[in-house]
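Q: Below is one structure. I have some questions about it.
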Amino acid sequence: MKKIVLFLCFIITSIIYAQEKIDLSYYLPQNVSYNADIPTPESVIGFQVGEWHVSHDKLVYYMKALAKASDRISIEERGKTYEGRPLLLLTITSVKNHINLEAIRTEHLKLSDAANTAVNVSNMPVVVYQGFSIHGNEPSGANAGLLAAYYLAAAEGKEIDEMLDKTIILFDPSFNPDGLNRFASWVNIHKNQNITSDNNDREYNEVWPGGRTNHYWFDMNRDWLVTQLPESQARIKTFHKWKPNILTDHHEMGTNSSFFFQPGIPSRTHPLTPKLNQKLTAKIGEYHAKAFDKIGSLYFTEERYDDFYYGKGSTFPDINGGIGILFEQASSRGHAQDSENGLLTFPFTIRNQFTAVLSTLEAGINMREELLKYQYGFYQNAKQEVYKDKNKAIVFGDKNDKGKTYQFAKMLERQHIKFHKLSSSVTAGGTKFTTNDSYIIPADQPNYRMIKAMFETRTSFQDSLFYDVSAWTLPMAFDLNYGYTNSLSSAGEVVNSLDFPEGKVSGNSDYAYVFEWDEYYTPKALYTILKNNLRAKVATKPFIIGNKEYDYGTILIPVANQVKTSEEINSLLKEIAIETGVNFDGATTGITKGIDLGSTYFKSLEQPKIAVLVGDGITTSDAGEIWHLLDTRYQIPITKLDTKNLGRADLSKYTTIIIANTSGSSLNEATDDLKTFVKNGGVLIGYRNALRWLESKNFIKLDFKKSKITGKDVSFADRADFRGAQVIGGAIFEAEIDLTHPIGYGYNKNKIALFRNTTLFINPDSTNYKKPLQYTKKALLSGYISKENLTAIKGTIPFKTASMGRGEVIVFTDNTNFRAFWYGTNKLLMNAIFFGKMM
């Protein structure tokens, strides 16, 4: 009987919700009047906010309509997403401020310039950046943005006038247009007229890859610091143009939760973040609490989330003199779901997000001078830290890889970090840096603390739990040489613009061309050569032509017996050199010191035809990182092969199949097909947990090592923290690399920094020859790892190969392509693709 009553209650609730007509009074404050000349969202997009999920095109249409109707709003298009959607920014303030906007901005930026010893903030507006739905399937933020923009354009009265006079609002209606549109399409096409709140309904269960990510399946809320994606680059440009005092980042979390606002867990705040930052964050939180108390919405704070990794929207401002605020709303993931807190409707989630928008602005107004003075003090205090720092500069570069050095410098440029050319050679950190391939970063500049955050190595922590990675030392990520120096005597002219370093072709040969494998874009060069049906070979031993030494992995392009003439080959190589930065050297004879150019130690290469497994069971971000790397950086086309079609696909089309992180269960039915692929000469590359599946199905023999973890006197309440402390959420470890092995081609140092976020440890085989990649005895370079796991990782191997028939199985325990900024290990994957059969 009880089940019948509950079922009837569920049906009645659904019917009531289906019949309910929500109007603007549900959302908007009713103690103000609204300008009738300003269009409501419904009048432009055709439905009331919350009735449907807004698609990005309609969101754009409404924002443009508002800007046209209101003299409080100006609008700009700052760029486009990968799918061509505009990245909008609305600047919202009073008419008076709009007239003087550039003067206001210039004056505001004086707060972040420590050279200004006195700045009057009494009449200075506070700058608030409000951004929505960086995760596309967390849409209540962007939908609330419709209401917030309308309110700011239409609300009338003394309070709104005062707020607009004292605030510059940088309004970003959609951090992630591609993901938002993907999710809106999904839930709208599955919406019932009579809405069901049953979470088993298809509406609430997205298909792979879901709407969280951007086009290439990146979590863009991890890209604020490294800025590898066009969406991030556009908003970072705005950020540094204004240096906002508050930045809000509107998210969603599990359906059974309530609403979260910062501060997060105090012990998990990065040490470079001033304590005053957290006090101000808590004070702003009081405004949120008051607003949510008024509407009766549950909330919590100082739980779960943290302020450690500076690559998130809620934390990036903290290293730039602002206050980052994370909002997390329980998600309806559609139009309505049953939850532990009752029926959770989409309009309810939108109202909470809208409420947080207004409470942020209220806090900004009331704390205006306090926030402005904090920003000024942040940079003044940083200036004092510079004086105390014995390291006056950082030198970085790589004489063998101009492309990687260029990309690192571009990242610094996007973050407004000043750097100079070298006027003379300098030795730092045991490395000699020369004028043609290195740069120097002075410590004495406004972004001193951000530089510290980018370059620091940290291995001791107040807390052992992290919401995200515990290390991101960027020169290690790029595999760049770097070192600290206490002198700026070698600093030359400031670099104000960077040009991509073009390569060149030396000599016009009728015999052969060679190029070294050191440069980051050599895989792009080689693929273009092979795509043009030219034969190419790789040197498995070093040699010398004239006075120049050529290392393992050097590529040879014979001129004779090719489909192109010598003139056509030379012309093609010149084009490739310009596009990739790779240098080609002409050879006039096959005689060398070492292996001759006709030696059998040169191995023929074939054009890769690559399939990357995607779909159910595959980790979306890992697969997306591989797709992005091959597609956007190396211009290598790939087939995204869905796991559900794997058993029906003709795998003989491919030279290489890549399996990103997966439990492997979705691959079981295709086990025999994949084995046949390898036996017939294919290369199968597996990452992270795919290794367990590959080992279980006898593709490769792996000896997994378990760390010995024993919890003594751990209370019931602390059990989750104890288990969490054994997780490697993201840290950096040192491995030795064999430069004579094909996996080491293109590297010049016998040590490499690897990013790791698994506890997958593999014991090496008991062979006498050197392991191609092996963790050192003191492996931890930066980040957190438990003592037990640190003991376990010593001497283990992150890479292994095994032959099967005519093919090869290659496995990596670690992600070589992490979040698109781990440039330093991208070549490990490319070596596996191009040279896999030689391993």
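Ligands are numbered from 1 in the order shown, chains are lettered A, B, ... in the order of the structure tokens, and residues start at 1 in each chain.
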What's around segment 116-126 of chain A at 7 Å? Count only C-alpha atoms, leave out sequence neighbours fewer than 3 positions away in its own chain, and write the answer as a ChimeraX atom specification.
A: /A:110-111,113,166-168,245,364,368-369,372
Q: Could you turn the residues from that selection into a file that holds N, CA and C atoms, as a CSV table (one decimal), in the first residue's frame?
A:
```
chain,number,residue,atom,x,y,z
A,110,LYS,N,46.0,50.6,-12.3
A,110,LYS,CA,47.0,51.1,-11.5
A,110,LYS,C,47.1,50.3,-10.2
A,111,LEU,N,46.0,49.7,-9.8
A,111,LEU,CA,46.0,48.9,-8.6
A,111,LEU,C,46.9,47.7,-8.7
A,113,ASP,N,49.7,47.6,-10.4
A,113,ASP,CA,51.1,48.0,-10.8
A,113,ASP,C,51.7,48.6,-9.5
A,166,LYS,N,28.8,52.2,-9.5
A,166,LYS,CA,29.9,51.8,-8.8
A,166,LYS,C,30.5,50.4,-9.2
A,167,THR,N,30.0,49.9,-10.3
A,167,THR,CA,30.4,48.5,-10.7
A,167,THR,C,30.6,48.5,-12.2
A,168,ILE,N,31.7,47.9,-12.6
A,168,ILE,CA,31.8,47.5,-14.0
A,168,ILE,C,31.6,45.9,-14.1
A,245,ASN,N,38.1,42.4,-9.7
A,245,ASN,CA,38.2,42.2,-8.2
A,245,ASN,C,37.5,40.9,-7.8
A,364,GLY,N,29.8,43.1,-3.8
A,364,GLY,CA,30.8,43.9,-4.5
A,364,GLY,C,30.6,45.4,-4.2
A,368,ARG,N,33.2,47.3,-1.8
A,368,ARG,CA,33.9,47.9,-2.9
A,368,ARG,C,35.3,48.4,-2.5
A,369,GLU,N,35.4,49.3,-1.6
A,369,GLU,CA,36.7,49.9,-1.2
A,369,GLU,C,37.6,48.8,-0.6
A,372,LEU,N,39.0,46.8,-3.5
A,372,LEU,CA,40.0,47.5,-4.3
A,372,LEU,C,41.3,47.7,-3.5
```
Q: Excluding Ser803 of chain A and its own-chain neighbours fewer than 2 positions away, which residues fall within 9 Å of it when counting only C-alpha atoms? Please give them as a PyMOL selection string.
A: chain A and resi 678-679+699-700+801+805-810+837+839
Q: Next, write the just-selected residues to a file, as a PDB file, in the first residue's frame, keeping N, CA, C and O atoms as the atom set.
A:
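out_35.pdb, freshly written:
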```
ATOM      1  N   VAL A 678      46.734  -6.895 -34.382  1.00  0.00           N
ATOM      2  CA  VAL A 678      48.139  -6.827 -33.973  1.00  0.00           C
ATOM      3  C   VAL A 678      48.950  -7.918 -34.680  1.00  0.00           C
ATOM      4  O   VAL A 678      50.032  -7.643 -35.218  1.00  0.00           O
ATOM      5  N   LYS A 679      48.443  -9.125 -34.691  1.00  0.00           N
ATOM      6  CA  LYS A 679      49.179 -10.237 -35.301  1.00  0.00           C
ATOM      7  C   LYS A 679      49.463  -9.988 -36.773  1.00  0.00           C
ATOM      8  O   LYS A 679      50.476 -10.450 -37.319  1.00  0.00           O
ATOM      9  N   PHE A 699      47.250  -9.768 -24.077  1.00  0.00           N
ATOM     10  CA  PHE A 699      47.929  -8.986 -25.108  1.00  0.00           C
ATOM     11  C   PHE A 699      49.386  -8.753 -24.716  1.00  0.00           C
ATOM     12  O   PHE A 699      50.257  -8.636 -25.572  1.00  0.00           O
ATOM     13  N   ILE A 700      49.639  -8.643 -23.414  1.00  0.00           N
ATOM     14  CA  ILE A 700      50.958  -8.313 -22.906  1.00  0.00           C
ATOM     15  C   ILE A 700      51.042  -8.822 -21.467  1.00  0.00           C
ATOM     16  O   ILE A 700      50.033  -8.849 -20.752  1.00  0.00           O
ATOM     17  N   THR A 801      56.634  -2.768 -23.970  1.00  0.00           N
ATOM     18  CA  THR A 801      56.185  -3.252 -25.273  1.00  0.00           C
ATOM     19  C   THR A 801      56.234  -4.770 -25.298  1.00  0.00           C
ATOM     20  O   THR A 801      56.959  -5.404 -24.521  1.00  0.00           O
ATOM     21  N   GLY A 805      52.725 -11.679 -33.005  1.00  0.00           N
ATOM     22  CA  GLY A 805      52.738 -11.906 -34.438  1.00  0.00           C
ATOM     23  C   GLY A 805      53.660 -10.917 -35.108  1.00  0.00           C
ATOM     24  O   GLY A 805      54.816 -10.735 -34.708  1.00  0.00           O
ATOM     25  N   ARG A 806      53.162 -10.216 -36.128  1.00  0.00           N
ATOM     26  CA  ARG A 806      53.965  -9.220 -36.832  1.00  0.00           C
ATOM     27  C   ARG A 806      53.776  -7.811 -36.270  1.00  0.00           C
ATOM     28  O   ARG A 806      54.340  -6.855 -36.787  1.00  0.00           O
ATOM     29  N   GLY A 807      52.975  -7.715 -35.213  1.00  0.00           N
ATOM     30  CA  GLY A 807      52.680  -6.406 -34.660  1.00  0.00           C
ATOM     31  C   GLY A 807      53.248  -6.191 -33.272  1.00  0.00           C
ATOM     32  O   GLY A 807      54.050  -6.991 -32.778  1.00  0.00           O
ATOM     33  N   GLU A 808      52.829  -5.111 -32.659  1.00  0.00           N
ATOM     34  CA  GLU A 808      53.390  -4.708 -31.378  1.00  0.00           C
ATOM     35  C   GLU A 808      52.296  -4.139 -30.486  1.00  0.00           C
ATOM     36  O   GLU A 808      51.399  -3.407 -30.938  1.00  0.00           O
ATOM     37  N   VAL A 809      52.384  -4.476 -29.200  1.00  0.00           N
ATOM     38  CA  VAL A 809      51.535  -3.882 -28.177  1.00  0.00           C
ATOM     39  C   VAL A 809      52.410  -2.969 -27.335  1.00  0.00           C
ATOM     40  O   VAL A 809      53.462  -3.383 -26.834  1.00  0.00           O
ATOM     41  N   ILE A 810      51.984  -1.703 -27.185  1.00  0.00           N
ATOM     42  CA  ILE A 810      52.756  -0.696 -26.462  1.00  0.00           C
ATOM     43  C   ILE A 810      51.862  -0.108 -25.387  1.00  0.00           C
ATOM     44  O   ILE A 810      50.730   0.288 -25.666  1.00  0.00           O
ATOM     45  N   LYS A 837      56.778  -0.366 -34.547  1.00  0.00           N
ATOM     46  CA  LYS A 837      57.172  -1.715 -34.978  1.00  0.00           C
ATOM     47  C   LYS A 837      58.652  -1.998 -34.713  1.00  0.00           C
ATOM     48  O   LYS A 837      59.100  -3.147 -34.819  1.00  0.00           O
ATOM     49  N   MET A 839      60.050  -1.353 -31.826  1.00  0.00           N
ATOM     50  CA  MET A 839      60.244  -1.397 -30.379  1.00  0.00           C
ATOM     51  C   MET A 839      60.211  -2.808 -29.837  1.00  0.00           C
ATOM     52  O   MET A 839      60.382  -3.021 -28.645  1.00  0.00           O
TER      53      MET A 839
END
```
Q: Excluding segment 765-782 of chain A and residues on its chain fewer than 3 positions from it, collect all residues at most 9 Å away from it, counting only C-alpha atoms, and give them as a PDB file with C-alpha atoms, in the first residue's frame.
A:
```pdb
ATOM      1  CA  GLU A 456      57.551  26.151  -8.250  1.00  0.00           C
ATOM      2  CA  THR A 457      58.130  22.581  -7.164  1.00  0.00           C
ATOM      3  CA  ARG A 458      56.279  21.678  -3.998  1.00  0.00           C
ATOM      4  CA  THR A 459      56.426  18.334  -2.193  1.00  0.00           C
ATOM      5  CA  SER A 470      48.774  18.833  -6.704  1.00  0.00           C
ATOM      6  CA  ALA A 471      51.524  19.857  -9.171  1.00  0.00           C
ATOM      7  CA  TRP A 472      51.782  21.523 -12.567  1.00  0.00           C
ATOM      8  CA  THR A 473      55.386  22.830 -12.757  1.00  0.00           C
ATOM      9  CA  LEU A 702      52.579  -7.094 -16.913  1.00  0.00           C
ATOM     10  CA  ASP A 703      53.698  -7.588 -13.328  1.00  0.00           C
ATOM     11  CA  ALA A 731      51.937  14.842  -9.513  1.00  0.00           C
ATOM     12  CA  ILE A 732      55.234  14.906 -11.429  1.00  0.00           C
ATOM     13  CA  PHE A 733      57.838  12.149 -11.329  1.00  0.00           C
ATOM     14  CA  GLU A 734      61.293  11.625 -12.771  1.00  0.00           C
ATOM     15  CA  ALA A 735      62.153   8.733 -15.030  1.00  0.00           C
ATOM     16  CA  GLU A 736      65.317   7.692 -16.829  1.00  0.00           C
ATOM     17  CA  ILE A 737      64.917   7.399 -20.585  1.00  0.00           C
ATOM     18  CA  ASP A 738      67.100   5.344 -22.924  1.00  0.00           C
ATOM     19  CA  LEU A 739      67.961   7.686 -25.788  1.00  0.00           C
ATOM     20  CA  THR A 740      69.031   4.779 -28.009  1.00  0.00           C
ATOM     21  CA  HIS A 741      65.559   3.186 -27.848  1.00  0.00           C
ATOM     22  CA  PRO A 742      62.937   4.340 -30.388  1.00  0.00           C
ATOM     23  CA  ILE A 743      60.749   5.633 -27.527  1.00  0.00           C
ATOM     24  CA  GLY A 744      63.592   8.026 -26.667  1.00  0.00           C
ATOM     25  CA  LYS A 751      65.898  12.153 -17.527  1.00  0.00           C
ATOM     26  CA  ILE A 752      62.295  13.087 -18.239  1.00  0.00           C
ATOM     27  CA  ALA A 753      59.455  14.481 -16.120  1.00  0.00           C
ATOM     28  CA  ILE A 785      52.212  11.213  -3.052  1.00  0.00           C
ATOM     29  CA  LEU A 790      56.385   6.763  -3.025  1.00  0.00           C
ATOM     30  CA  THR A 791      58.039   3.547  -1.881  1.00  0.00           C
ATOM     31  CA  ILE A 793      56.898   3.705  -7.448  1.00  0.00           C
ATOM     32  CA  LYS A 794      60.691   3.370  -7.117  1.00  0.00           C
ATOM     33  CA  GLY A 795      62.183   1.430 -10.004  1.00  0.00           C
ATOM     34  CA  THR A 796      58.837   0.671 -11.659  1.00  0.00           C
ATOM     35  CA  ILE A 797      58.341   1.219 -15.378  1.00  0.00           C
ATOM     36  CA  PRO A 798      55.777   3.523 -16.995  1.00  0.00           C
ATOM     37  CA  PHE A 799      56.216   1.978 -20.457  1.00  0.00           C
ATOM     38  CA  LYS A 800      56.473  -1.502 -21.914  1.00  0.00           C
TER      39      LYS A 800
END
```
Q: Using atom CA of Leu358 of chain A and atom CA of Ala291 of chain A as the two end points, give the distance in Å to one decimal.
A: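 Computed distance, atom CA of Leu358 of chain A to atom CA of Ala291 of chain A, equals 8.5 Å.
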Q: So that I can see what lies close to Asn486 of chain A, please list as an mmCIF file with N, CA, C and O atoms, in the first residue's frame the residues with an atom at most 9 Å from it, counting only C-alpha atoms and leaving out residues fewer than 5 positions away in the same chain.
A:
```
data_model
loop_
_atom_site.group_PDB
_atom_site.id
_atom_site.type_symbol
_atom_site.label_atom_id
_atom_site.label_comp_id
_atom_site.auth_asym_id
_atom_site.auth_seq_id
_atom_site.Cartn_x
_atom_site.Cartn_y
_atom_site.Cartn_z
ATOM 1 N N ASP A 389 63.444 37.879 -2.392
ATOM 2 C CA ASP A 389 63.762 36.675 -3.165
ATOM 3 C C ASP A 389 65.188 36.775 -3.708
ATOM 4 O O ASP A 389 65.518 37.707 -4.449
ATOM 5 N N LYS A 390 66.018 35.808 -3.359
ATOM 6 C CA LYS A 390 67.403 35.829 -3.841
ATOM 7 C C LYS A 390 67.478 35.514 -5.338
ATOM 8 O O LYS A 390 68.469 35.856 -6.004
ATOM 9 N N ASN A 391 66.454 34.859 -5.858
ATOM 10 C CA ASN A 391 66.408 34.578 -7.296
ATOM 11 C C ASN A 391 65.760 35.760 -8.005
ATOM 12 O O ASN A 391 64.579 36.040 -7.822
ATOM 13 N N LYS A 392 66.533 36.449 -8.808
ATOM 14 C CA LYS A 392 66.052 37.652 -9.467
ATOM 15 C C LYS A 392 65.493 37.394 -10.856
ATOM 16 O O LYS A 392 64.890 38.278 -11.466
ATOM 17 N N ALA A 393 65.695 36.189 -11.354
ATOM 18 C CA ALA A 393 65.199 35.887 -12.702
ATOM 19 C C ALA A 393 65.188 34.373 -12.924
ATOM 20 O O ALA A 393 65.839 33.619 -12.192
ATOM 21 N N ILE A 394 64.431 33.969 -13.949
ATOM 22 C CA ILE A 394 64.398 32.576 -14.389
ATOM 23 C C ILE A 394 64.761 32.544 -15.866
ATOM 24 O O ILE A 394 64.215 33.314 -16.668
#
```
Q: In Å, rounded to a single decimal, give me how far atom CA of Gly131 of chain A is from atom CA of Trp52 of chain A.
A: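 According to the coordinates, atom CA of Trp52 of chain A and atom CA of Gly131 of chain A are separated by 20.6 Å.
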Q: Of the candidates A:Asp71, A:Glu138, A:Glu156, A:Glu102, which one gets nearest to Asn35 of chain A if we count only C-alpha atoms?
A: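 Answer, going by the shortest atom-to-atom distance: A:Glu156.
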Q: Got a sec to tell me which of segment 210-271 of chain A DSSP assigns to helix (DSSP H, G or I), as a list in words?
A: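 Listing helix (DSSP H, G or I) positions across segment 210-271 of chain A yields Met220, Asn221, Arg222, Pro230, Glu231, Ser232, Gln233, Ala234, Arg235, Ile236, Lys237, Thr238, Phe239, His240, Lys241, Trp242, Pro266, Ser267 and Arg268 of chain A.
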Q: Kindly save the residues from that selection, with N, CA, C and O atoms included, as an mmCIF file, in the first residue's frame.
A:
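File produced: selection07.cif:
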```cif
data_model
loop_
_atom_site.group_PDB
_atom_site.id
_atom_site.type_symbol
_atom_site.label_atom_id
_atom_site.label_comp_id
_atom_site.auth_asym_id
_atom_site.auth_seq_id
_atom_site.Cartn_x
_atom_site.Cartn_y
_atom_site.Cartn_z
ATOM 1 N N MET A 220 37.238 22.599 -19.672
ATOM 2 C CA MET A 220 37.847 23.923 -19.808
ATOM 3 C C MET A 220 38.065 24.619 -18.475
ATOM 4 O O MET A 220 38.749 25.638 -18.424
ATOM 5 N N ASN A 221 37.506 24.079 -17.405
ATOM 6 C CA ASN A 221 37.766 24.670 -16.100
ATOM 7 C C ASN A 221 39.108 24.223 -15.535
ATOM 8 O O ASN A 221 39.364 24.363 -14.343
ATOM 9 N N ARG A 222 39.961 23.686 -16.370
ATOM 10 C CA ARG A 222 41.314 23.344 -15.960
ATOM 11 C C ARG A 222 42.343 24.071 -16.819
ATOM 12 O O ARG A 222 43.528 23.773 -16.773
ATOM 13 N N PRO A 230 40.964 27.956 -27.384
ATOM 14 C CA PRO A 230 40.546 29.297 -27.829
ATOM 15 C C PRO A 230 39.582 29.976 -26.869
ATOM 16 O O PRO A 230 39.635 31.201 -26.695
ATOM 17 N N GLU A 231 38.704 29.196 -26.233
ATOM 18 C CA GLU A 231 37.770 29.783 -25.276
ATOM 19 C C GLU A 231 38.531 30.413 -24.106
ATOM 20 O O GLU A 231 38.207 31.519 -23.654
ATOM 21 N N SER A 232 39.537 29.698 -23.613
ATOM 22 C CA SER A 232 40.339 30.198 -22.496
ATOM 23 C C SER A 232 41.134 31.423 -22.901
ATOM 24 O O SER A 232 41.237 32.396 -22.142
ATOM 25 N N GLN A 233 41.705 31.395 -24.069
ATOM 26 C CA GLN A 233 42.541 32.501 -24.515
ATOM 27 C C GLN A 233 41.743 33.791 -24.637
ATOM 28 O O GLN A 233 42.237 34.885 -24.316
ATOM 29 N N ALA A 234 40.484 33.674 -25.056
ATOM 30 C CA ALA A 234 39.637 34.862 -25.176
ATOM 31 C C ALA A 234 39.334 35.451 -23.808
ATOM 32 O O ALA A 234 39.434 36.668 -23.602
ATOM 33 N N ARG A 235 38.972 34.606 -22.844
ATOM 34 C CA ARG A 235 38.586 35.162 -21.541
ATOM 35 C C ARG A 235 39.801 35.627 -20.742
ATOM 36 O O ARG A 235 39.698 36.573 -19.960
ATOM 37 N N ILE A 236 40.970 34.985 -20.942
ATOM 38 C CA ILE A 236 42.174 35.435 -20.245
ATOM 39 C C ILE A 236 42.594 36.817 -20.753
ATOM 40 O O ILE A 236 43.072 37.665 -19.985
ATOM 41 N N LYS A 237 42.393 37.061 -22.024
ATOM 42 C CA LYS A 237 42.695 38.379 -22.578
ATOM 43 C C LYS A 237 41.837 39.438 -21.895
ATOM 44 O O LYS A 237 42.319 40.512 -21.525
ATOM 45 N N THR A 238 40.541 39.138 -21.705
ATOM 46 C CA THR A 238 39.650 40.052 -20.996
ATOM 47 C C THR A 238 40.079 40.215 -19.543
ATOM 48 O O THR A 238 40.072 41.321 -18.995
ATOM 49 N N PHE A 239 40.443 39.102 -18.912
ATOM 50 C CA PHE A 239 40.840 39.147 -17.505
ATOM 51 C C PHE A 239 42.001 40.116 -17.296
ATOM 52 O O PHE A 239 41.961 40.976 -16.417
ATOM 53 N N HIS A 240 43.027 39.978 -18.098
ATOM 54 C CA HIS A 240 44.202 40.827 -17.911
ATOM 55 C C HIS A 240 43.956 42.255 -18.403
ATOM 56 O O HIS A 240 44.618 43.188 -17.932
ATOM 57 N N LYS A 241 43.007 42.410 -19.285
ATOM 58 C CA LYS A 241 42.662 43.754 -19.732
ATOM 59 C C LYS A 241 42.057 44.568 -18.595
ATOM 60 O O LYS A 241 42.239 45.782 -18.508
ATOM 61 N N TRP A 242 41.351 43.861 -17.669
ATOM 62 C CA TRP A 242 40.636 44.544 -16.593
ATOM 63 C C TRP A 242 41.142 44.209 -15.191
ATOM 64 O O TRP A 242 40.972 44.990 -14.277
ATOM 65 N N PRO A 266 39.426 24.966 4.220
ATOM 66 C CA PRO A 266 40.526 25.912 4.484
ATOM 67 C C PRO A 266 41.920 25.320 4.339
ATOM 68 O O PRO A 266 42.830 25.988 3.839
ATOM 69 N N SER A 267 42.112 24.081 4.755
ATOM 70 C CA SER A 267 43.451 23.483 4.737
ATOM 71 C C SER A 267 43.925 23.145 3.332
ATOM 72 O O SER A 267 45.065 22.745 3.141
ATOM 73 N N ARG A 268 43.056 23.304 2.349
ATOM 74 C CA ARG A 268 43.410 22.951 0.964
ATOM 75 C C ARG A 268 43.539 24.192 0.091
ATOM 76 O O ARG A 268 43.303 24.138 -1.117
#
```
Q: Can you list, as a ChimeraX atom specification, all residues belonging to segment 186-408 of chain A that DSSP tags as strand (DSSP E)?
A: /A:246-253,259-261,323-330,336-339,342-345,393-397
Q: Need the shell around Val60 of chain A: protein/DNA/RNA residues with any atom at most 12 Å away, counting only C-alpha atoms. Skip same-chain ones fewer than 3 positions apart. Format as an mmCIF file with C-alpha atoms, in the first residue's frame?
A:
```
data_model
loop_
_atom_site.group_PDB
_atom_site.id
_atom_site.type_symbol
_atom_site.label_atom_id
_atom_site.label_comp_id
_atom_site.auth_asym_id
_atom_site.auth_seq_id
_atom_site.Cartn_x
_atom_site.Cartn_y
_atom_site.Cartn_z
ATOM 1 C CA PRO A 41 13.962 36.729 -22.569
ATOM 2 C CA VAL A 44 13.075 37.145 -27.926
ATOM 3 C CA ILE A 45 13.799 33.427 -27.537
ATOM 4 C CA VAL A 54 18.459 27.640 -24.072
ATOM 5 C CA SER A 55 20.607 26.786 -27.080
ATOM 6 C CA HIS A 56 23.677 28.897 -27.619
ATOM 7 C CA ASP A 57 22.356 30.572 -30.762
ATOM 8 C CA MET A 63 22.290 39.150 -25.623
ATOM 9 C CA LYS A 64 22.551 41.087 -28.883
ATOM 10 C CA ALA A 65 18.916 42.184 -28.570
ATOM 11 C CA LEU A 66 19.604 43.473 -25.052
ATOM 12 C CA ALA A 67 22.707 45.352 -26.145
ATOM 13 C CA ILE A 75 28.760 43.768 -26.496
ATOM 14 C CA GLU A 76 31.801 42.353 -28.243
ATOM 15 C CA GLU A 77 32.737 39.114 -29.952
ATOM 16 C CA ARG A 85 30.342 29.792 -32.084
ATOM 17 C CA PRO A 86 30.985 33.363 -30.946
ATOM 18 C CA LEU A 87 32.624 34.054 -27.580
ATOM 19 C CA LEU A 88 30.663 37.031 -26.313
ATOM 20 C CA LEU A 89 31.398 39.562 -23.617
ATOM 21 C CA LEU A 90 28.878 42.089 -22.344
ATOM 22 C CA ALA A 142 23.942 30.128 -18.555
ATOM 23 C CA ASN A 143 20.134 30.041 -18.328
ATOM 24 C CA GLY A 145 22.452 34.543 -17.305
ATOM 25 C CA LEU A 146 19.387 35.361 -19.407
ATOM 26 C CA ALA A 149 21.350 40.289 -18.144
ATOM 27 C CA ASP A 172 30.348 36.175 -19.971
ATOM 28 C CA PRO A 173 27.044 34.436 -20.823
ATOM 29 C CA SER A 174 28.607 31.103 -21.802
ATOM 30 C CA PRO A 177 29.255 27.426 -26.093
ATOM 31 C CA ASN A 181 24.646 23.628 -27.137
#
```
Q: Could you pull the residues within 12 Å of Asp631 of chain A, counting only C-alpha atoms, minus those fewer than 6 positions along the same chain, as an MDAnalysis selection string?
A: chainID A and resid 82 216 523:524 527 610 612 624:625 637:640
Q: Excluding Ile529 of chain A and residues on its chain fewer than 6 positions from it, collect all residues at most 10 Å away from it, counting only C-alpha atoms, and give them as a VMD selection string.
A: chain A and resid 523 535 to 536 557 569 572 to 573 576 607
Q: Keeping C-alpha atoms, export the residues of the selection given above as a PDB file, in the first residue's frame.
A:
```
ATOM      1  CA  PRO A 523      55.899  14.506 -36.432  1.00  0.00           C
ATOM      2  CA  ARG A 535      59.729   7.458 -48.945  1.00  0.00           C
ATOM      3  CA  ALA A 536      61.376   8.208 -45.633  1.00  0.00           C
ATOM      4  CA  ILE A 557      64.447  11.364 -47.394  1.00  0.00           C
ATOM      5  CA  ILE A 569      60.975  17.633 -53.213  1.00  0.00           C
ATOM      6  CA  LEU A 572      57.865  20.755 -50.597  1.00  0.00           C
ATOM      7  CA  LEU A 573      60.515  20.634 -47.884  1.00  0.00           C
ATOM      8  CA  ILE A 576      57.243  22.153 -44.492  1.00  0.00           C
ATOM      9  CA  GLN A 607      52.271   6.675 -43.332  1.00  0.00           C
TER      10      GLN A 607
END
```
Q: I'd like to know which of A:Ile284, A:Ile319, A:Phe761, A:Ser297 is closest to Gly342 of chain A, using only C-alpha atoms.
A: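 So, comparing all the options, the nearest one is A:Ser297.
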Q: What does the structure give for the distance between atom CA of Glu42 of chain A and atom CA of Arg212 of chain A, in Å to one decimal?
A: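 These two atoms are separated by 25.9 Å.
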